>>> print(open('protein_34.txt').read())   # compact mmCIF, C-alpha atoms
# COMPACT_ATOMS: atom_id res chain seq x y z
CA MET A 1 74.19 -23.74 59.03
CA PHE A 2 70.92 -24.25 57.16
CA LEU A 3 67.78 -23.09 58.97
CA ASN A 4 64.12 -22.38 58.24
CA THR A 5 61.57 -23.67 55.71
CA TYR A 6 60.76 -22.16 52.33
CA ASN A 7 58.12 -23.02 49.74
CA PRO A 8 59.43 -22.36 46.22
CA LYS A 9 57.79 -23.81 43.13
CA LEU A 10 59.35 -26.37 40.82
CA ASP A 11 59.10 -25.30 37.17
CA ALA A 12 58.50 -27.50 34.11
CA LYS A 13 62.27 -27.96 33.64
CA GLY A 14 62.73 -29.29 37.19
CA ARG A 15 64.24 -26.06 38.55
CA PHE A 16 63.49 -24.02 41.64
CA PHE A 17 64.94 -20.90 43.18
CA LEU A 18 67.27 -21.90 45.97
CA PRO A 19 66.57 -19.64 48.96
CA ALA A 20 69.03 -16.73 48.95
CA LYS A 21 70.10 -17.51 52.53
CA PHE A 22 71.42 -20.91 51.39
CA ARG A 23 73.28 -19.81 48.28
CA ASP A 24 76.52 -18.61 49.88
CA GLU A 25 77.13 -21.91 51.68
CA LEU A 26 76.46 -23.81 48.45
CA ALA A 27 78.37 -21.47 46.12
CA GLU A 28 81.46 -23.75 46.00
CA GLY A 29 79.36 -26.59 44.63
CA LEU A 30 76.72 -28.91 45.96
CA VAL A 31 75.63 -32.50 45.80
CA ILE A 32 72.00 -33.64 45.70
CA THR A 33 71.24 -37.16 46.84
CA MET A 34 68.42 -39.34 48.16
CA GLN A 35 67.59 -38.99 51.84
CA GLN A 36 65.41 -41.11 54.09
CA GLU A 37 61.64 -40.47 54.18
CA ARG A 38 61.55 -39.98 50.37
CA CYS A 39 63.09 -36.51 50.38
CA LEU A 40 66.32 -35.21 48.88
CA ALA A 41 69.38 -33.86 50.64
CA ILE A 42 71.49 -31.03 49.26
CA TYR A 43 74.97 -30.92 50.80
CA PRO A 44 77.77 -28.44 50.28
CA LYS A 45 80.27 -30.41 48.22
CA ALA A 46 82.86 -30.47 51.04
CA VAL A 47 80.31 -31.84 53.54
CA PHE A 48 79.21 -34.55 51.10
CA GLU A 49 82.84 -35.53 50.49
CA ARG A 50 83.36 -35.95 54.26
CA LYS A 51 80.23 -38.12 54.49
CA ALA A 52 81.43 -40.21 51.54
CA MET A 53 84.81 -40.71 53.24
CA GLU A 54 83.02 -41.80 56.43
CA ALA A 55 81.08 -44.36 54.39
CA LEU A 56 84.35 -45.63 52.91
CA GLN A 57 85.81 -46.18 56.39
CA ALA A 58 83.25 -48.92 57.01
CA PRO A 59 84.47 -52.36 55.89
CA GLY A 60 83.28 -53.22 52.38
CA THR A 61 83.01 -56.86 53.41
CA VAL A 62 79.81 -56.06 55.35
CA ALA A 63 76.67 -56.07 53.18
CA ARG A 64 74.99 -53.06 54.83
CA ASN A 65 78.16 -50.99 54.43
CA ARG A 66 78.29 -51.81 50.72
CA ALA A 67 74.60 -50.93 50.44
CA ILE A 68 75.04 -47.47 51.97
CA GLN A 69 78.09 -46.79 49.80
CA ARG A 70 76.17 -47.80 46.67
CA MET A 71 72.99 -45.92 47.51
CA LEU A 72 74.85 -42.79 48.56
CA ALA A 73 77.02 -42.65 45.45
CA SER A 74 74.56 -43.92 42.84
CA SER A 75 71.91 -41.36 43.73
CA ALA A 76 74.28 -38.40 44.10
CA SER A 77 74.50 -35.65 41.52
CA ASP A 78 77.03 -32.78 41.42
CA GLU A 79 75.16 -29.59 40.63
CA THR A 80 75.51 -25.82 40.63
CA THR A 81 72.96 -23.04 40.61
CA ASP A 82 72.50 -20.93 37.53
CA SER A 83 73.13 -17.16 37.45
CA GLN A 84 69.61 -16.52 38.79
CA GLY A 85 70.00 -18.88 41.75
CA ARG A 86 67.94 -21.71 40.28
CA LEU A 87 68.85 -25.31 40.93
CA THR A 88 67.87 -28.15 38.60
CA ILE A 89 66.90 -31.44 40.23
CA PRO A 90 67.70 -34.45 38.03
CA PRO A 91 64.62 -36.41 36.88
CA LYS A 92 65.59 -39.59 38.77
CA LEU A 93 65.74 -37.66 42.05
CA ARG A 94 62.49 -35.77 41.33
CA GLU A 95 60.80 -39.12 40.81
CA TYR A 96 62.27 -40.63 44.01
CA ALA A 97 60.94 -37.74 46.13
CA SER A 98 57.64 -37.47 44.19
CA LEU A 99 58.31 -33.81 43.47
CA ASP A 100 55.72 -32.01 41.38
CA THR A 101 55.25 -28.25 41.72
CA GLU A 102 54.85 -27.39 45.41
CA LEU A 103 58.08 -27.84 47.40
CA ALA A 104 59.20 -27.54 50.97
CA VAL A 105 62.88 -26.60 51.13
CA VAL A 106 63.94 -27.30 54.70
CA GLY A 107 67.10 -26.23 56.49
CA ALA A 108 68.39 -29.27 58.38
CA ILE A 109 71.56 -27.85 59.99
CA ASP A 110 74.29 -29.45 57.79
CA ARG A 111 72.11 -29.96 54.72
CA VAL A 112 69.08 -28.65 52.89
CA GLU A 113 66.23 -31.09 52.38
CA VAL A 114 63.78 -30.89 49.48
CA TRP A 115 60.35 -32.39 50.05
CA ASP A 116 57.06 -32.52 48.23
CA LYS A 117 55.16 -29.88 50.22
CA ALA A 118 52.24 -32.17 51.11
CA ALA A 119 54.65 -34.89 52.27
CA TRP A 120 56.56 -32.35 54.41
CA ASP A 121 53.34 -30.99 55.93
CA SER A 122 52.27 -34.52 56.86
CA TYR A 123 55.70 -35.49 58.22
CA SER A 124 56.12 -32.32 60.28
CA ALA A 125 52.60 -32.63 61.71
CA GLU A 126 53.40 -36.20 62.82
CA GLN A 127 56.72 -35.15 64.35
CA GLU A 128 55.29 -32.16 66.22
CA ALA A 129 53.54 -34.49 68.62
CA THR A 130 56.82 -36.08 69.70
CA PHE A 131 59.08 -33.02 69.36
CA ALA A 132 59.06 -32.27 73.10
CA ASP A 133 60.03 -35.87 73.94
CA ILE A 134 62.78 -35.91 71.33
CA ASN A 135 64.05 -32.54 72.53
CA GLU A 136 64.22 -33.82 76.10
CA ASP A 137 66.00 -37.05 75.09
CA ILE A 138 68.61 -35.31 72.97
CA PHE A 139 69.19 -32.03 74.79
CA GLY A 140 67.80 -32.67 78.26
CA LEU A 141 65.43 -29.73 77.84
>>> encode(input="protein_34.txt", output="structure tokens")
Amino acid sequence: MFLNTYNPKLDAKGRFFLPAKFRDELAEGLVITMQQERCLAIYPKAVFERKAMEALQAPGTVARNRAIQRMLASSASDETTDSQGRLTIPPKLREYASLDTELAVVGAIDRVEVWDKAAWDSYSAEQEATFADINEDIFGL
């Protein structure tokens, strides 16, 4: 399970140090892909493969099913960390998420999300106001 938020820096080669707490779960391989809200999702390879199979279960004759299959696969990139624990984000994905230097690397239970830090700060500030309502709706708390 991926938890917490970290703020590593993206270097000139598009690499950042993956938080040590995430490395074990991603050691068998990972897939980076586009996520909603202009961030990236990093999935353990096995989790991404399950999600891809779920997308394939939807009939390809329906336009929105084809769209999700295309967007999921066309933006996905198989990656591994280097010996120092750095992960390189492909240029196309860096551009999609408007990543520069300051990152927010966010544990999101079954995935890690990578955000531009300013975008994450803005998004999380907006969501804080409704967090209690969402919590109540989902968990009854």
>>> closest_atom_pairs(input="protein_34.txt", of="region 61-119 of chain A", to="region 25-28 of chain A", cutoff="10 Å", atoms="all atoms listed in the file", output="tab-separated table")
residue	atom	partner	partner_atom	distance
A:Glu79	CA	A:Leu26	CA	9.8
A:Thr80	CA	A:Ala27	CA	7.6
A:Thr81	CA	A:Ala27	CA	7.9
A:Gly85	CA	A:Ala27	CA	9.8
A:Arg111	CA	A:Leu26	CA	9.8
A:Val112	CA	A:Leu26	CA	9.9
>>> residues_around(input="protein_34.txt", residues="Asp100 (chain A)", least_positions_apart="5", cutoff="10 Å", atoms="all atoms listed in the file", output="list in words")
Lys9, Leu10, Asp11, Ala12, Gly14, Arg94, Glu95, Trp115, Asp116 and Lys117 of chain A
>>> atom_distance(input="protein_34.txt", atom1="CA of Ile42 (chain A)", atom2="CA of Gly29 (chain A)")
10.2 Å
>>> closest_residue(input="protein_34.txt", among="A:Pro8, A:Asn65, A:Arg70, A:Gly60", to="Val105 (chain A)", atoms="all atoms listed in the file")
A:Pro8
>>> closest_residue(input="protein_34.txt", among="A:Ile134, A:Val62, A:Leu56, A:Ala108", to="Tyr43 (chain A)", atoms="only C-alpha atoms")
A:Ala108
>>> atom_distance(input="protein_34.txt", atom1="CA of Leu3 (chain A)", atom2="CA of Ala20 (chain A)")
11.9 Å
>>> closest_residue(input="protein_34.txt", among="A:Leu93, A:Ala63, A:Ile138, A:Met53", to="Ser77 (chain A)", atoms="only C-alpha atoms")
A:Leu93
>>> atom_distance(input="protein_34.txt", atom1="CA of Phe2 (chain A)", atom2="CA of Leu18 (chain A)")
12.0 Å
>>> residues_near_point(input="protein_34.txt", point="(57.1, -19.4, 49.7)", cutoff="10 Å", atoms="all atoms listed in the file", output="list in words")
Thr5, Tyr6, Asn7, Pro8, Lys9, Pro19, Glu102, Leu103, Ala104 and Val105 of chain A
>>> closest_residue(input="protein_34.txt", among="A:Thr130, A:Leu40, A:Arg50, A:Met34", to="Ser74 (chain A)", atoms="only C-alpha atoms")
A:Met34
>>> closest_residue(input="protein_34.txt", among="A:Gln84, A:Ser75, A:Asp137, A:Phe17", to="Tyr96 (chain A)", atoms="all atoms listed in the file")
A:Ser75
>>> axis_aligned_box(input="protein_34.txt", around="region 5-10 of chain A", padding_each_side="5 Å", output="lines of an AutoDock Vina configuration file")
center_x = 59.7
center_y = -24.3
center_z = 48.3
size_x = 13.8
size_y = 14.2
size_z = 24.9
>>> closest_residue(input="protein_34.txt", among="A:Ser98, A:Ala41, A:Phe22, A:Val31", to="Ala119 (chain A)", atoms="all atoms listed in the file")
A:Ser98
>>> build_atoms(input="protein_34.txt", residues="region 107-128 of chain A", atoms="N, CA, C and O atoms", output="short mmCIF file (atom, residue, chain, number, x, y, z; two decimals), in the frame of the given file")
data_model
loop_
_atom_site.label_atom_id
_atom_site.label_comp_id
_atom_site.auth_asym_id
_atom_site.auth_seq_id
_atom_site.Cartn_x
_atom_site.Cartn_y
_atom_site.Cartn_z
N GLY A 107 65.76 -26.26 55.91
CA GLY A 107 67.10 -26.23 56.49
C GLY A 107 67.20 -27.32 57.54
O GLY A 107 66.34 -27.42 58.42
N ALA A 108 68.21 -28.16 57.44
CA ALA A 108 68.39 -29.27 58.38
C ALA A 108 69.83 -29.27 58.93
O ALA A 108 70.52 -30.28 58.92
N ILE A 109 70.28 -28.13 59.35
CA ILE A 109 71.56 -27.85 59.99
C ILE A 109 72.74 -28.02 59.03
O ILE A 109 73.31 -27.04 58.59
N ASP A 110 73.12 -29.26 58.67
CA ASP A 110 74.29 -29.45 57.79
C ASP A 110 73.90 -29.69 56.34
O ASP A 110 74.76 -29.89 55.49
N ARG A 111 72.61 -29.68 56.06
CA ARG A 111 72.11 -29.96 54.72
C ARG A 111 70.80 -29.22 54.51
O ARG A 111 70.16 -28.76 55.46
N VAL A 112 70.39 -29.16 53.27
CA VAL A 112 69.08 -28.65 52.89
C VAL A 112 68.29 -29.87 52.42
O VAL A 112 68.81 -30.69 51.65
N GLU A 113 67.07 -30.00 52.87
CA GLU A 113 66.23 -31.09 52.38
C GLU A 113 65.16 -30.52 51.46
O GLU A 113 64.64 -29.42 51.69
N VAL A 114 64.83 -31.28 50.42
CA VAL A 114 63.78 -30.89 49.48
C VAL A 114 62.70 -31.95 49.55
O VAL A 114 62.97 -33.14 49.32
N TRP A 115 61.50 -31.51 49.87
CA TRP A 115 60.35 -32.39 50.05
C TRP A 115 59.22 -31.95 49.12
O TRP A 115 59.08 -30.76 48.82
N ASP A 116 58.37 -32.87 48.76
CA ASP A 116 57.06 -32.52 48.23
C ASP A 116 56.35 -31.82 49.39
O ASP A 116 56.40 -32.28 50.54
N LYS A 117 55.73 -30.68 49.13
CA LYS A 117 55.16 -29.88 50.22
C LYS A 117 54.13 -30.66 51.03
O LYS A 117 54.13 -30.60 52.27
N ALA A 118 53.25 -31.40 50.37
CA ALA A 118 52.24 -32.17 51.11
C ALA A 118 52.90 -33.24 51.99
O ALA A 118 52.47 -33.46 53.13
N ALA A 119 53.94 -33.88 51.48
CA ALA A 119 54.65 -34.89 52.27
C ALA A 119 55.31 -34.25 53.48
O ALA A 119 55.28 -34.80 54.59
N TRP A 120 55.92 -33.05 53.29
CA TRP A 120 56.56 -32.35 54.41
C TRP A 120 55.51 -31.94 55.45
O TRP A 120 55.72 -32.11 56.65
N ASP A 121 54.38 -31.41 54.99
CA ASP A 121 53.34 -30.99 55.93
C ASP A 121 52.87 -32.16 56.77
O ASP A 121 52.70 -32.05 57.98
N SER A 122 52.69 -33.32 56.14
CA SER A 122 52.27 -34.52 56.86
C SER A 122 53.35 -34.98 57.84
O SER A 122 53.06 -35.26 59.01
N TYR A 123 54.59 -35.05 57.36
CA TYR A 123 55.70 -35.49 58.22
C TYR A 123 55.87 -34.55 59.41
O TYR A 123 55.98 -35.01 60.55
N SER A 124 55.88 -33.25 59.17
CA SER A 124 56.12 -32.32 60.28
C SER A 124 54.97 -32.32 61.28
O SER A 124 55.19 -32.20 62.49
N ALA A 125 53.74 -32.53 60.79
CA ALA A 125 52.60 -32.63 61.71
C ALA A 125 52.74 -33.86 62.61
O ALA A 125 52.48 -33.79 63.82
N GLU A 126 53.18 -34.98 62.03
CA GLU A 126 53.40 -36.20 62.82
C GLU A 126 54.50 -35.98 63.86
O GLU A 126 54.39 -36.44 65.00
N GLN A 127 55.57 -35.33 63.47
CA GLN A 127 56.72 -35.15 64.35
C GLN A 127 56.47 -34.12 65.45
O GLN A 127 57.09 -34.20 66.50
N GLU A 128 55.58 -33.17 65.21
CA GLU A 128 55.29 -32.16 66.22
C GLU A 128 54.85 -32.79 67.53
O GLU A 128 55.22 -32.32 68.60
#
